[in-house]
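Structure first, commentary second.
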Amino acid sequence: MVSKDQRRRQLAREKFERQQQRRSVAQRKTKRRNVIVASAVAVALAAGVAAYASAGLTGGDEAASSDQAASAPPAPKNPCGAPAKGTPSKKTWKKEPAMSVDTSASYAAKLSTTCGTIELKLDPGKAPHTVNSFAFLAGQGYFDHSKCHRLVDAGIHVLQCGDPTATGSGNPGYSLPDENLKDPRLKGGVYPAGTVAMANSYDGKDEKTRNSGGSQFFLVFQDSRLPPNYTPFGTITGGMDVLRKIADAGATSPDPQTGNTAPHARVVIDKAAVTKS
């Protein structure tokens with residue numbers, strides 16, 4: 001015999017599941033191409049930009065609220081280690097660093113994170129300004145101790161990093177020109193798995209919002225359909241298993257202030273280094 005309390009809990013769970021299903025469908029329909037933009041645009045377009053991750057529950061009747069909370073599944077455990085001691089950078093610069101990158105040389109980047117090591121091959125010949133800036137910022141310790149603040153693994157599959165404030169609005173104080181947007185690897189409006197690209201605040205309409213890259217970059221761990229608006233400046237040569245581990249842990253609900261869907265995994269770049277070979 002099912003008690004009234006048990007029946008009430010069962011109804012609450014069913015309502016919770018229906019809400020999740022409705023929100024999941026709505027989210028997949030509304031979020032499209034601008035998920036990688038910087039936070040200023042992400043907040044303005046929060047319904048479309050940050051909704052791939054499951055939305056937080058809102059509303060509902062008071063009688064069921066406590067039971068919904070009780071029946072909600074627990075957040076996934078953090079699969080990553082503790083971050084190294086240190087604090088995120090607060091440095092900014094008034095202008096883009098002087099060009100010092102050798103466009104004929106090969107450059108490699110190593111991101112030592114709490115979840116494992118991610119290795120990159122950079123393309124200075126195709127994206128000299130972006131690679132030059134990335135190498136400069138790494139040398140300044142700008143990326144060290146910073147969280148990767150956004151994870152999307154529905155529709156597109158990216159981990160976004162490079163903001164010491166972990167809000168999606170941080171930048172080094174200068175902006176970069178768009179580069180390499182006609183890279184032949186970007187076929188059919190797809191950024192292939194393994195791409196490293198620069199985030200920006202281009203809104204898809206106003207040309208004045210182009211050339212707005214800064215320090216935030218994203219790592220594509222599965223083919224992702226995006227318009228060619230984001231500078232591809234390298235490829236992932238090691239650590240795809242690390243990215244998959246991060247993705248498997250899932251993402252949080254969109255932050256009401258920033259619109260970010262942060263990874264459940266605590267991804268912190270302990271050290272970023274760029275070397276020339």
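Every chain in the structure tokens has a letter given in the order shown (A, B, ...), and although residue numbers restart at 1 in each chain, ligands are simply numbered from 1 in the order shown.
When the distance limit is 9 Å and only C-alpha atoms are what count, the residues near Asp144 (chain A), minus those fewer than 3 positions from it on the same chain, are Gly86, Thr87, Pro88, Ser89, Ala138, Gln140, Gly141, Lys147, Pro164, Val268, Ile269, Asp270, Lys271 and Ala272 of chain A.
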Per residue of region 106-173 of chain A within 9 Å of region 196-217 of chain A, record the nearest atom pair and its distance in Å to one decimal, counting only C-alpha atoms, with rows in chain order and ascending residue number, as JSON lines.
{"residue": "A:Leu120", "atom": "CA", "partner": "A:Val196", "partner_atom": "CA", "distance": 7.9}
{"residue": "A:Lys121", "atom": "CA", "partner": "A:Val196", "partner_atom": "CA", "distance": 8.9}
{"residue": "A:Leu122", "atom": "CA", "partner": "A:Val196", "partner_atom": "CA", "distance": 8.4}
{"residue": "A:Thr130", "atom": "CA", "partner": "A:Met198", "partner_atom": "CA", "distance": 7.8}
{"residue": "A:Ser133", "atom": "CA", "partner": "A:Ser215", "partner_atom": "CA", "distance": 7.9}
{"residue": "A:Phe134", "atom": "CA", "partner": "A:Ser215", "partner_atom": "CA", "distance": 7.1}
{"residue": "A:Leu137", "atom": "CA", "partner": "A:Ser215", "partner_atom": "CA", "distance": 7.8}
{"residue": "A:Tyr142", "atom": "CA", "partner": "A:Ser215", "partner_atom": "CA", "distance": 8.9}
{"residue": "A:Phe143", "atom": "CA", "partner": "A:Ser215", "partner_atom": "CA", "distance": 8.6}
{"residue": "A:Leu159", "atom": "CA", "partner": "A:Phe217", "partner_atom": "CA", "distance": 8.5}
{"residue": "A:Gln160", "atom": "CA", "partner": "A:Phe217", "partner_atom": "CA", "distance": 5.7}
{"residue": "A:Cys161", "atom": "CA", "partner": "A:Phe217", "partner_atom": "CA", "distance": 5.6}
{"residue": "A:Gly162", "atom": "CA", "partner": "A:Gln216", "partner_atom": "CA", "distance": 4.2}
{"residue": "A:Asp163", "atom": "CA", "partner": "A:Gln216", "partner_atom": "CA", "distance": 5.7}
{"residue": "A:Gly168", "atom": "CA", "partner": "A:Gln216", "partner_atom": "CA", "distance": 8.0}
{"residue": "A:Gly170", "atom": "CA", "partner": "A:Ser215", "partner_atom": "CA", "distance": 8.0}
{"residue": "A:Asn171", "atom": "CA", "partner": "A:Gly214", "partner_atom": "CA", "distance": 5.6}
{"residue": "A:Pro172", "atom": "CA", "partner": "A:Ser215", "partner_atom": "CA", "distance": 6.2}
{"residue": "A:Gly173", "atom": "CA", "partner": "A:Gly214", "partner_atom": "CA", "distance": 7.8}
DSSP alpha helix (DSSP H) selection over region 42-275 of chain A, as a PyMOL selection string = chain A and resi 42-44+46-49+62-71+128-139+240-248
I'd like the contact shell of region 231-239 of chain A - 10 Å cut-off, only C-alpha atoms, skipping same-chain residues fewer than 4 positions apart - returned as a compact mmCIF listing (two decimals) with N, CA and C atoms, in the first residue's frame.
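Result written to part.txt:
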# COMPACT_ATOMS: atom_id res chain seq x y z
N TYR A 107 55.73 26.03 -32.87
CA TYR A 107 55.52 26.34 -31.46
C TYR A 107 54.58 25.31 -30.86
N ALA A 108 54.88 24.93 -29.63
CA ALA A 108 54.04 23.98 -28.92
C ALA A 108 53.65 24.59 -27.57
N ALA A 109 52.45 24.29 -27.12
CA ALA A 109 51.97 24.75 -25.82
C ALA A 109 51.63 23.55 -24.96
N LYS A 110 51.90 23.69 -23.69
CA LYS A 110 51.57 22.64 -22.73
C LYS A 110 50.73 23.25 -21.62
N LEU A 111 49.52 22.73 -21.45
CA LEU A 111 48.63 23.17 -20.38
C LEU A 111 48.62 22.08 -19.31
N CYS A 115 43.28 18.29 -14.21
CA CYS A 115 42.66 17.09 -14.77
C CYS A 115 43.62 16.29 -15.65
N GLY A 116 44.79 16.82 -15.89
CA GLY A 116 45.76 16.17 -16.74
C GLY A 116 46.41 17.17 -17.69
N THR A 117 47.34 16.69 -18.47
CA THR A 117 48.09 17.57 -19.38
C THR A 117 47.45 17.60 -20.76
N ILE A 118 47.32 18.81 -21.29
CA ILE A 118 46.79 19.01 -22.64
C ILE A 118 47.89 19.68 -23.47
N GLU A 119 48.21 19.09 -24.60
CA GLU A 119 49.30 19.60 -25.44
C GLU A 119 48.75 20.13 -26.75
N LEU A 120 49.32 21.25 -27.19
CA LEU A 120 48.84 21.93 -28.39
C LEU A 120 49.98 22.20 -29.35
N LYS A 121 49.67 22.18 -30.62
CA LYS A 121 50.59 22.67 -31.65
C LYS A 121 50.00 23.97 -32.18
N LEU A 122 50.77 25.05 -32.14
CA LEU A 122 50.28 26.35 -32.55
C LEU A 122 50.67 26.66 -33.99
N ASP A 123 49.88 27.52 -34.65
CA ASP A 123 50.08 27.84 -36.07
C ASP A 123 50.44 29.31 -36.25
N PRO A 124 51.69 29.70 -35.98
CA PRO A 124 52.06 31.11 -36.11
C PRO A 124 52.00 31.61 -37.55
N GLY A 125 52.21 30.73 -38.52
CA GLY A 125 52.15 31.14 -39.91
C GLY A 125 50.76 31.53 -40.35
N LYS A 126 49.74 30.89 -39.77
CA LYS A 126 48.36 31.15 -40.15
C LYS A 126 47.68 32.19 -39.25
N ALA A 127 48.11 32.27 -38.01
CA ALA A 127 47.50 33.18 -37.06
C ALA A 127 48.58 33.84 -36.20
N PRO A 128 49.42 34.67 -36.82
CA PRO A 128 50.58 35.21 -36.10
C PRO A 128 50.22 36.08 -34.90
N HIS A 129 49.22 36.94 -35.05
CA HIS A 129 48.85 37.81 -33.93
C HIS A 129 48.33 36.99 -32.75
N THR A 130 47.51 36.01 -33.05
CA THR A 130 46.91 35.20 -31.99
C THR A 130 47.95 34.35 -31.29
N VAL A 131 48.82 33.70 -32.06
CA VAL A 131 49.87 32.88 -31.46
C VAL A 131 50.85 33.75 -30.68
N PHE A 134 49.17 34.61 -27.45
CA PHE A 134 49.04 33.44 -26.58
C PHE A 134 50.39 33.12 -25.93
N LEU A 176 42.41 41.36 -30.33
CA LEU A 176 43.20 40.81 -31.44
C LEU A 176 42.39 40.79 -32.72
N PRO A 177 43.05 40.90 -33.87
CA PRO A 177 42.34 40.79 -35.14
C PRO A 177 41.94 39.35 -35.42
N ASP A 178 40.83 39.19 -36.10
CA ASP A 178 40.43 37.86 -36.56
C ASP A 178 41.44 37.37 -37.59
N GLU A 179 41.78 36.09 -37.52
CA GLU A 179 42.76 35.52 -38.45
C GLU A 179 42.32 34.12 -38.87
N ASN A 180 42.79 33.72 -40.04
CA ASN A 180 42.69 32.33 -40.48
C ASN A 180 41.25 31.83 -40.55
N LEU A 181 40.31 32.71 -40.82
CA LEU A 181 38.90 32.30 -40.85
C LEU A 181 38.54 31.50 -42.09
N LYS A 182 39.45 31.47 -43.06
CA LYS A 182 39.21 30.67 -44.27
C LYS A 182 40.07 29.41 -44.28
N ASP A 183 40.47 29.00 -43.10
CA ASP A 183 41.27 27.78 -42.99
C ASP A 183 40.51 26.62 -43.65
N ARG A 185 40.51 23.66 -43.09
CA ARG A 185 40.03 22.64 -42.15
C ARG A 185 38.60 22.91 -41.68
N LEU A 186 38.16 24.16 -41.81
CA LEU A 186 36.81 24.53 -41.38
C LEU A 186 35.83 24.30 -42.53
N TYR A 191 34.00 23.08 -36.99
CA TYR A 191 35.32 23.11 -36.37
C TYR A 191 35.63 21.68 -35.95
N PRO A 192 36.59 21.04 -36.60
CA PRO A 192 36.82 19.61 -36.32
C PRO A 192 37.42 19.39 -34.94
N ALA A 193 37.21 18.18 -34.44
CA ALA A 193 37.80 17.79 -33.16
C ALA A 193 39.29 18.03 -33.20
N GLY A 194 39.82 18.58 -32.12
CA GLY A 194 41.23 18.87 -32.05
C GLY A 194 41.59 20.31 -32.35
N THR A 195 40.60 21.11 -32.74
CA THR A 195 40.86 22.52 -33.06
C THR A 195 41.02 23.34 -31.78
N VAL A 196 41.96 24.27 -31.82
CA VAL A 196 42.10 25.28 -30.77
C VAL A 196 41.76 26.62 -31.41
N ALA A 197 40.79 27.33 -30.87
CA ALA A 197 40.34 28.58 -31.49
C ALA A 197 40.15 29.67 -30.45
N MET A 198 40.16 30.90 -30.92
CA MET A 198 40.03 32.06 -30.06
C MET A 198 38.56 32.46 -29.92
N ALA A 199 38.13 32.66 -28.70
CA ALA A 199 36.79 33.19 -28.46
C ALA A 199 36.77 34.68 -28.79
N ASN A 200 35.59 35.22 -29.05
CA ASN A 200 35.46 36.65 -29.27
C ASN A 200 34.04 37.08 -28.99
N ASN A 211 37.05 41.30 -34.71
CA ASN A 211 38.40 41.62 -34.22
C ASN A 211 38.37 41.89 -32.71
N GLY A 213 38.94 39.29 -30.28
CA GLY A 213 39.56 38.23 -29.49
C GLY A 213 40.44 38.82 -28.41
N PHE A 217 40.13 31.19 -25.04
CA PHE A 217 40.23 30.25 -26.15
C PHE A 217 39.39 29.03 -25.84
N PHE A 218 39.07 28.26 -26.89
CA PHE A 218 38.30 27.04 -26.64
C PHE A 218 38.94 25.85 -27.34
N LEU A 219 38.79 24.72 -26.70
CA LEU A 219 39.33 23.44 -27.16
C LEU A 219 38.18 22.58 -27.64
N VAL A 220 38.23 22.18 -28.91
CA VAL A 220 37.15 21.39 -29.51
C VAL A 220 37.50 19.91 -29.37
N PHE A 221 36.71 19.17 -28.61
CA PHE A 221 37.02 17.75 -28.40
C PHE A 221 36.11 16.82 -29.20
N LEU A 243 40.14 15.84 -21.94
CA LEU A 243 38.95 16.62 -22.28
C LEU A 243 37.69 15.77 -22.21
N ARG A 244 37.80 14.51 -22.61
CA ARG A 244 36.64 13.63 -22.56
C ARG A 244 36.24 13.35 -21.10
N LYS A 245 37.24 13.21 -20.24
CA LYS A 245 36.96 13.01 -18.82
C LYS A 245 36.22 14.22 -18.24
Per residue of region 180-264 of chain A within 7 Å of region 150-154 of chain A, which atom pair is closest and at what distance in Å (one decimal), using only C-alpha atoms, listed by chain and increasing number, as CSV?
residue,atom,partner,partner_atom,distance
A:Ala247,CA,A:Asp153,CA,6.6
A:Ala251,CA,A:Leu151,CA,6.1
A:Asn260,CA,A:Arg150,CA,5.7
A:Thr261,CA,A:Arg150,CA,5.3
A:Ala262,CA,A:Arg150,CA,4.4
A:Pro263,CA,A:Leu151,CA,5.2
Go ahead and write the selection's residues with N, CA, C and O atoms as a compact mmCIF listing (two decimals), in the first residue's frame.
# COMPACT_ATOMS: atom_id res chain seq x y z
N ALA A 247 34.38 16.36 -19.98
CA ALA A 247 33.04 16.39 -20.57
C ALA A 247 32.12 15.36 -19.93
O ALA A 247 30.93 15.62 -19.71
N ALA A 251 28.17 19.47 -17.05
CA ALA A 251 28.25 20.91 -16.79
C ALA A 251 27.15 21.34 -15.83
O ALA A 251 26.13 20.66 -15.68
N ASN A 260 27.33 31.36 -17.91
CA ASN A 260 28.27 30.27 -18.13
C ASN A 260 27.71 28.93 -17.66
O ASN A 260 27.02 28.85 -16.64
N THR A 261 28.02 27.88 -18.40
CA THR A 261 27.75 26.52 -17.96
C THR A 261 29.11 25.91 -17.61
O THR A 261 29.82 25.41 -18.48
N ALA A 262 29.48 26.01 -16.36
CA ALA A 262 30.81 25.59 -15.92
C ALA A 262 30.90 24.07 -15.86
O ALA A 262 29.91 23.39 -15.60
N PRO A 263 32.08 23.51 -16.09
CA PRO A 263 32.24 22.06 -15.95
C PRO A 263 32.11 21.65 -14.48
O PRO A 263 32.53 22.39 -13.58
Atom pair CA of His264 (chain A) / CA of Ile156 (chain A): separation (Å) | 17.4 Å
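Taking only C-alpha atoms, the non-local environment of Ala265 (chain A) within 8 Å (same-chain residues fewer than 2 positions away omitted) comprises A:Lys77, A:Asn78, A:Pro79, A:Cys80, A:Cys115, A:Ile246, A:Ala249, A:Gly250, A:Pro263, A:Val267.
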Just-selected residues, N, CA and C atoms written as a compact mmCIF listing (two decimals), in the first residue's frame:
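Wrote it out as selection-v1.txt, contents follow:
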# COMPACT_ATOMS: atom_id res chain seq x y z
N LYS A 77 30.71 13.75 -9.21
CA LYS A 77 31.91 14.00 -8.43
C LYS A 77 32.98 14.62 -9.33
N ASN A 78 33.80 15.45 -8.72
CA ASN A 78 34.90 16.07 -9.43
C ASN A 78 35.97 15.02 -9.71
N PRO A 79 36.27 14.74 -11.00
CA PRO A 79 37.24 13.69 -11.32
C PRO A 79 38.68 14.19 -11.34
N CYS A 80 38.88 15.45 -10.98
CA CYS A 80 40.21 16.05 -11.11
C CYS A 80 40.86 16.30 -9.75
N CYS A 115 43.28 18.29 -14.21
CA CYS A 115 42.66 17.09 -14.77
C CYS A 115 43.62 16.29 -15.65
N ILE A 246 36.65 15.40 -18.65
CA ILE A 246 35.99 16.62 -18.18
C ILE A 246 34.56 16.68 -18.70
N ALA A 249 31.98 14.40 -16.99
CA ALA A 249 31.49 14.84 -15.68
C ALA A 249 30.34 15.83 -15.81
N GLY A 250 30.12 16.35 -17.01
CA GLY A 250 28.98 17.22 -17.25
C GLY A 250 29.23 18.67 -16.87
N PRO A 263 32.08 23.51 -16.09
CA PRO A 263 32.24 22.06 -15.95
C PRO A 263 32.11 21.65 -14.48
N VAL A 267 38.47 22.31 -13.39
CA VAL A 267 39.57 22.38 -14.34
C VAL A 267 40.33 23.68 -14.10
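Proximity of A:Thr92, A:Met99, A:Lys85, A:Ala105 to Lys276 (chain A), computed with only C-alpha atoms, is greatest for A:Ala105.
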